[in-house]
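*Asks:* For reference, this is structure_6.cif, and it has mmCIF, C-alpha atoms.
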```
data_data
#
loop_
_atom_site.group_PDB
_atom_site.id
_atom_site.type_symbol
_atom_site.label_atom_id
_atom_site.label_comp_id
_atom_site.auth_asym_id
_atom_site.auth_seq_id
_atom_site.Cartn_x
_atom_site.Cartn_y
_atom_site.Cartn_z
ATOM 1 C CA MET A 1 48.020 28.091 44.964
ATOM 2 C CA MET A 2 48.744 31.368 46.735
ATOM 3 C CA LYS A 3 52.407 32.180 47.097
ATOM 4 C CA ALA A 4 54.646 34.688 48.821
ATOM 5 C CA VAL A 5 58.222 35.788 48.219
ATOM 6 C CA ILE A 6 60.525 36.217 51.207
ATOM 7 C CA THR A 7 63.850 37.983 50.719
ATOM 8 C CA VAL A 8 66.611 38.104 53.317
ATOM 9 C CA ILE A 9 69.727 40.266 53.060
ATOM 10 C CA GLY A 10 72.370 40.975 55.686
ATOM 11 C CA LYS A 11 75.539 39.885 57.386
ATOM 12 C CA ASP A 12 76.028 36.117 57.159
ATOM 13 C CA ASN A 13 75.410 34.186 60.348
ATOM 14 C CA VAL A 14 74.724 30.590 61.357
ATOM 15 C CA GLY A 15 71.063 29.527 61.284
ATOM 16 C CA ILE A 16 69.403 32.221 59.151
ATOM 17 C CA LEU A 17 67.732 29.742 56.778
ATOM 18 C CA SER A 18 66.691 27.572 59.726
ATOM 19 C CA LYS A 19 65.092 30.459 61.637
ATOM 20 C CA VAL A 20 63.160 31.739 58.594
ATOM 21 C CA SER A 21 62.051 28.185 57.733
ATOM 22 C CA THR A 22 60.918 27.589 61.322
ATOM 23 C CA ILE A 23 58.571 30.596 61.187
ATOM 24 C CA CYS A 24 57.212 29.343 57.853
ATOM 25 C CA ALA A 25 56.564 25.903 59.388
ATOM 26 C CA GLU A 26 54.880 27.402 62.467
ATOM 27 C CA LYS A 27 52.507 29.407 60.225
ATOM 28 C CA HIS A 28 51.928 26.439 57.837
ATOM 29 C CA ALA A 29 53.631 28.212 54.930
ATOM 30 C CA ASN A 30 55.220 25.495 52.794
ATOM 31 C CA VAL A 31 58.667 26.320 51.387
ATOM 32 C CA ILE A 32 58.615 25.593 47.651
ATOM 33 C CA GLU A 33 61.945 26.931 46.476
ATOM 34 C CA VAL A 34 65.016 28.587 48.003
ATOM 35 C CA THR A 35 68.052 30.217 46.488
ATOM 36 C CA GLN A 36 70.789 31.622 48.676
ATOM 37 C CA SER A 37 74.257 33.028 48.245
ATOM 38 C CA VAL A 38 76.997 34.292 50.478
ATOM 39 C CA LEU A 39 78.937 37.132 48.863
ATOM 40 C CA GLN A 40 82.030 37.738 50.997
ATOM 41 C CA ASP A 41 80.289 38.108 54.387
ATOM 42 C CA MET A 42 76.869 39.128 53.040
ATOM 43 C CA PHE A 43 73.986 36.635 53.041
ATOM 44 C CA ALA A 44 71.263 36.866 50.379
ATOM 45 C CA MET A 45 68.262 34.561 50.088
ATOM 46 C CA ILE A 46 65.051 34.436 48.084
ATOM 47 C CA MET A 47 62.404 31.997 49.241
ATOM 48 C CA LEU A 48 59.142 31.109 47.500
ATOM 49 C CA VAL A 49 56.474 29.779 49.867
ATOM 50 C CA ASP A 50 52.985 28.370 49.383
ATOM 51 C CA ILE A 51 50.657 30.288 51.705
ATOM 52 C CA SER A 52 47.435 28.488 50.684
ATOM 53 C CA GLY A 53 47.217 26.716 54.061
ATOM 54 C CA LEU A 54 48.497 29.638 56.117
ATOM 55 C CA ASP A 55 47.614 29.534 59.814
ATOM 56 C CA GLY A 56 46.289 33.055 60.503
ATOM 57 C CA ASP A 57 46.490 36.249 58.475
ATOM 58 C CA PHE A 58 49.261 36.960 55.987
ATOM 59 C CA SER A 59 50.079 40.076 58.045
ATOM 60 C CA GLU A 60 50.995 37.821 60.993
ATOM 61 C CA LEU A 61 53.631 36.074 58.852
ATOM 62 C CA VAL A 62 54.952 39.466 57.731
ATOM 63 C CA ASP A 63 55.115 40.700 61.346
ATOM 64 C CA LYS A 64 56.953 37.568 62.558
ATOM 65 C CA MET A 65 59.520 37.925 59.752
ATOM 66 C CA ASN A 66 59.991 41.629 60.549
ATOM 67 C CA VAL A 67 60.632 40.836 64.227
ATOM 68 C CA LEU A 68 63.138 38.133 63.254
ATOM 69 C CA GLY A 69 64.895 40.579 60.932
ATOM 70 C CA GLU A 70 65.184 43.121 63.743
ATOM 71 C CA GLN A 71 66.518 40.484 66.155
ATOM 72 C CA LEU A 72 69.169 39.271 63.686
ATOM 73 C CA GLY A 73 70.031 42.630 62.122
ATOM 74 C CA LEU A 74 68.767 41.498 58.705
ATOM 75 C CA SER A 75 66.506 43.003 56.090
ATOM 76 C CA ILE A 76 63.627 40.520 55.684
ATOM 77 C CA HIS A 77 60.823 41.405 53.272
ATOM 78 C CA THR A 78 57.729 39.231 52.867
ATOM 79 C CA MET A 79 55.568 40.006 49.854
ATOM 80 C CA HIS A 80 52.392 38.387 48.593
ATOM 81 C CA GLU A 81 52.986 37.036 45.076
ATOM 82 C CA ASP A 82 50.253 39.296 43.631
ATOM 83 C CA ILE A 83 52.028 42.410 44.925
ATOM 84 C CA PHE A 84 55.411 41.111 43.777
ATOM 85 C CA ASN A 85 54.071 40.415 40.275
ATOM 86 C CA SER A 86 52.319 43.774 39.927
ATOM 87 C CA MET A 87 55.519 45.581 40.968
ATOM 88 C CA HIS A 88 57.525 43.823 38.276
ATOM 89 C CA LYS A 89 55.223 44.118 35.269
ATOM 90 C CA ILE A 90 56.436 46.222 32.371
#
```
What do you get writing this file as structure tokens?
*Replies:*
Amino acid sequence: MMKAVITVIGKDNVGILSKVSTICAEKHANVIEVTQSVLQDMFAMIMLVDISGLDGDFSELVDKMNVLGEQLGLSIHTMHEDIFNSMHKI
């Protein structure tokens, strides 16, 4: 199974999880796990998605998430699990 990690940070607003999940569904990225918190008025979310059946290139998913982040004023980072793991090895 190939996975990706999506992180979202920014001012809390209605529908953030829904909008990120909708893009995942459109690209056939299956949401495996989600953790989210609201700290005062700041929203933070980490999402693990299965990208094995991804419709199109991984870069297309990244681009769609970047556009959404710009539209909503959020920082949205989408990282392939391999890159995420290599960044966090001791």
*Asks:* Give me, as a PDB file with C-alpha atoms, in the frame of the given file, all polymer residues having an atom no more than 9 Å from Asp41 of chain A, counting all atoms listed in the file and skipping those fewer than 3 positions away in the same chain.
*Replies:*
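Contents of selection.pdb, freshly written:
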```pdb
ATOM      1  CA  GLY A  10      72.370  40.975  55.686  1.00  0.00           C
ATOM      2  CA  LYS A  11      75.539  39.885  57.386  1.00  0.00           C
ATOM      3  CA  ASP A  12      76.028  36.117  57.159  1.00  0.00           C
ATOM      4  CA  ASN A  13      75.410  34.186  60.348  1.00  0.00           C
ATOM      5  CA  VAL A  38      76.997  34.292  50.478  1.00  0.00           C
TER       6      VAL A  38
END
```
*Asks:* Translate the PyMOL selection byres ((chain A and resi 51) around 8), as applied to the file shown, into an explicit residue set as a list in words.
*Replies:*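 Selected by the PyMOL selection byres ((chain A and resi 51) around 8) in this file: Met1, Met2, Lys3, Ala4, His28, Ala29, Asn30, Val49, Asp50, Ser52, Gly53 and Leu54 of chain A.
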*Asks:* Take atom CA of Leu17 of chain A and atom CA of Phe58 of chain A and report the distance between them in Å, one decimal.
*Replies:*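 Separating atom CA of Leu17 of chain A from atom CA of Phe58 of chain A is a distance of 19.8 Å.
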*Asks:* Let me make sure I understand: among A:Val34, A:Met87, A:Ile9, A:Ile76, which one has the smallest atom-to-atom distance to Ile46 of chain A if we use only C-alpha atoms?
*Replies:*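 Nearest to Ile46 of chain A: A:Val34.
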*Asks:* Could you state which residues are captured by the PyMOL selection byres ((chain A and resi 45) around 6) in this file, as number ranges by chain?
*Replies:* A: 7-8, 35-36, 44, 46
*Asks:* Given all atoms listed in the file as the basis, pick out the residue of A:Met42, A:Ile6, A:Ser21, A:Val31 nearest to Met79 of chain A.
*Replies:*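 Ranking A:Met42, A:Ile6, A:Ser21, A:Val31 by distance to Met79 of chain A, first place goes to A:Ile6.
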*Asks:* Between atom CA of Thr22 of chain A and atom CA of Ser75 of chain A, what distance in Å does the model show, to one decimal?
*Replies:* 17.2 Å
*Asks:* How many Å lie between atom CA of Thr78 of chain A and atom CA of Lys27 of chain A, rounded to one decimal?
*Replies:*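 Atom-to-atom, atom CA of Thr78 of chain A and atom CA of Lys27 of chain A are spaced 13.3 Å apart.
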*Asks:* Which residues, written as a PyMOL selection string, have at least one atom at most 8 Å from Val20 of chain A, with all atoms listed in the file counted and residues fewer than 4 positions away on the same chain left out?
*Replies:* chain A and resi 16+24+65+68
*Asks:* Mind filling out segment 38-63 of chain A with N, CA and C atoms and sending it as a PDB file, keeping the file's coordinate frame?
*Replies:*
```pdb
ATOM      1  N   VAL A  38      76.191  33.508  49.552  1.00  0.00           N
ATOM      2  CA  VAL A  38      76.997  34.292  50.478  1.00  0.00           C
ATOM      3  C   VAL A  38      78.054  34.987  49.637  1.00  0.00           C
ATOM      4  N   LEU A  39      78.001  36.315  49.629  1.00  0.00           N
ATOM      5  CA  LEU A  39      78.937  37.132  48.863  1.00  0.00           C
ATOM      6  C   LEU A  39      79.856  37.814  49.868  1.00  0.00           C
ATOM      7  N   GLN A  40      81.109  37.344  49.934  1.00  0.00           N
ATOM      8  CA  GLN A  40      82.030  37.738  50.997  1.00  0.00           C
ATOM      9  C   GLN A  40      81.355  37.439  52.325  1.00  0.00           C
ATOM     10  N   ASP A  41      80.961  38.438  53.119  1.00  0.00           N
ATOM     11  CA  ASP A  41      80.289  38.108  54.387  1.00  0.00           C
ATOM     12  C   ASP A  41      78.811  38.515  54.371  1.00  0.00           C
ATOM     13  N   MET A  42      78.278  38.753  53.164  1.00  0.00           N
ATOM     14  CA  MET A  42      76.869  39.128  53.040  1.00  0.00           C
ATOM     15  C   MET A  42      76.021  37.919  52.616  1.00  0.00           C
ATOM     16  N   PHE A  43      74.914  37.724  53.313  1.00  0.00           N
ATOM     17  CA  PHE A  43      73.986  36.635  53.041  1.00  0.00           C
ATOM     18  C   PHE A  43      72.821  37.188  52.234  1.00  0.00           C
ATOM     19  N   ALA A  44      72.430  36.479  51.180  1.00  0.00           N
ATOM     20  CA  ALA A  44      71.263  36.866  50.379  1.00  0.00           C
ATOM     21  C   ALA A  44      70.441  35.615  50.091  1.00  0.00           C
ATOM     22  N   MET A  45      69.128  35.710  50.320  1.00  0.00           N
ATOM     23  CA  MET A  45      68.262  34.561  50.088  1.00  0.00           C
ATOM     24  C   MET A  45      66.930  35.028  49.517  1.00  0.00           C
ATOM     25  N   ILE A  46      66.411  34.250  48.579  1.00  0.00           N
ATOM     26  CA  ILE A  46      65.051  34.436  48.084  1.00  0.00           C
ATOM     27  C   ILE A  46      64.337  33.112  48.295  1.00  0.00           C
ATOM     28  N   MET A  47      63.166  33.190  48.921  1.00  0.00           N
ATOM     29  CA  MET A  47      62.404  31.997  49.241  1.00  0.00           C
ATOM     30  C   MET A  47      60.986  32.159  48.680  1.00  0.00           C
ATOM     31  N   LEU A  48      60.510  31.131  47.993  1.00  0.00           N
ATOM     32  CA  LEU A  48      59.142  31.109  47.500  1.00  0.00           C
ATOM     33  C   LEU A  48      58.363  30.145  48.379  1.00  0.00           C
ATOM     34  N   VAL A  49      57.257  30.620  48.967  1.00  0.00           N
ATOM     35  CA  VAL A  49      56.474  29.779  49.867  1.00  0.00           C
ATOM     36  C   VAL A  49      55.010  29.727  49.437  1.00  0.00           C
ATOM     37  N   ASP A  50      54.411  28.569  49.638  1.00  0.00           N
ATOM     38  CA  ASP A  50      52.985  28.370  49.383  1.00  0.00           C
ATOM     39  C   ASP A  50      52.240  28.778  50.649  1.00  0.00           C
ATOM     40  N   ILE A  51      51.385  29.797  50.534  1.00  0.00           N
ATOM     41  CA  ILE A  51      50.657  30.288  51.705  1.00  0.00           C
ATOM     42  C   ILE A  51      49.174  29.898  51.658  1.00  0.00           C
ATOM     43  N   SER A  52      48.837  28.925  50.813  1.00  0.00           N
ATOM     44  CA  SER A  52      47.435  28.488  50.684  1.00  0.00           C
ATOM     45  C   SER A  52      46.873  27.975  52.001  1.00  0.00           C
ATOM     46  N   GLY A  53      47.681  27.282  52.790  1.00  0.00           N
ATOM     47  CA  GLY A  53      47.217  26.716  54.061  1.00  0.00           C
ATOM     48  C   GLY A  53      47.668  27.507  55.266  1.00  0.00           C
ATOM     49  N   LEU A  54      47.947  28.788  55.068  1.00  0.00           N
ATOM     50  CA  LEU A  54      48.497  29.638  56.117  1.00  0.00           C
ATOM     51  C   LEU A  54      47.636  29.624  57.372  1.00  0.00           C
ATOM     52  N   ASP A  55      48.282  29.489  58.519  1.00  0.00           N
ATOM     53  CA  ASP A  55      47.614  29.534  59.814  1.00  0.00           C
ATOM     54  C   ASP A  55      47.580  30.998  60.258  1.00  0.00           C
ATOM     55  N   GLY A  56      46.412  31.644  60.136  1.00  0.00           N
ATOM     56  CA  GLY A  56      46.289  33.055  60.503  1.00  0.00           C
ATOM     57  C   GLY A  56      46.372  33.957  59.286  1.00  0.00           C
ATOM     58  N   ASP A  57      46.425  35.251  59.544  1.00  0.00           N
ATOM     59  CA  ASP A  57      46.490  36.249  58.475  1.00  0.00           C
ATOM     60  C   ASP A  57      47.901  36.339  57.898  1.00  0.00           C
ATOM     61  N   PHE A  58      47.966  36.745  56.638  1.00  0.00           N
ATOM     62  CA  PHE A  58      49.261  36.960  55.987  1.00  0.00           C
ATOM     63  C   PHE A  58      50.078  38.002  56.758  1.00  0.00           C
ATOM     64  N   SER A  59      49.387  39.012  57.300  1.00  0.00           N
ATOM     65  CA  SER A  59      50.079  40.076  58.045  1.00  0.00           C
ATOM     66  C   SER A  59      50.822  39.528  59.265  1.00  0.00           C
ATOM     67  N   GLU A  60      50.308  38.432  59.849  1.00  0.00           N
ATOM     68  CA  GLU A  60      50.995  37.821  60.993  1.00  0.00           C
ATOM     69  C   GLU A  60      52.336  37.231  60.574  1.00  0.00           C
ATOM     70  N   LEU A  61      52.369  36.613  59.388  1.00  0.00           N
ATOM     71  CA  LEU A  61      53.631  36.074  58.852  1.00  0.00           C
ATOM     72  C   LEU A  61      54.610  37.216  58.613  1.00  0.00           C
ATOM     73  N   VAL A  62      54.112  38.291  58.003  1.00  0.00           N
ATOM     74  CA  VAL A  62      54.952  39.466  57.731  1.00  0.00           C
ATOM     75  C   VAL A  62      55.526  40.014  59.037  1.00  0.00           C
ATOM     76  N   ASP A  63      54.672  40.157  60.058  1.00  0.00           N
ATOM     77  CA  ASP A  63      55.115  40.700  61.346  1.00  0.00           C
ATOM     78  C   ASP A  63      56.174  39.816  61.990  1.00  0.00           C
TER      79      ASP A  63
END
```
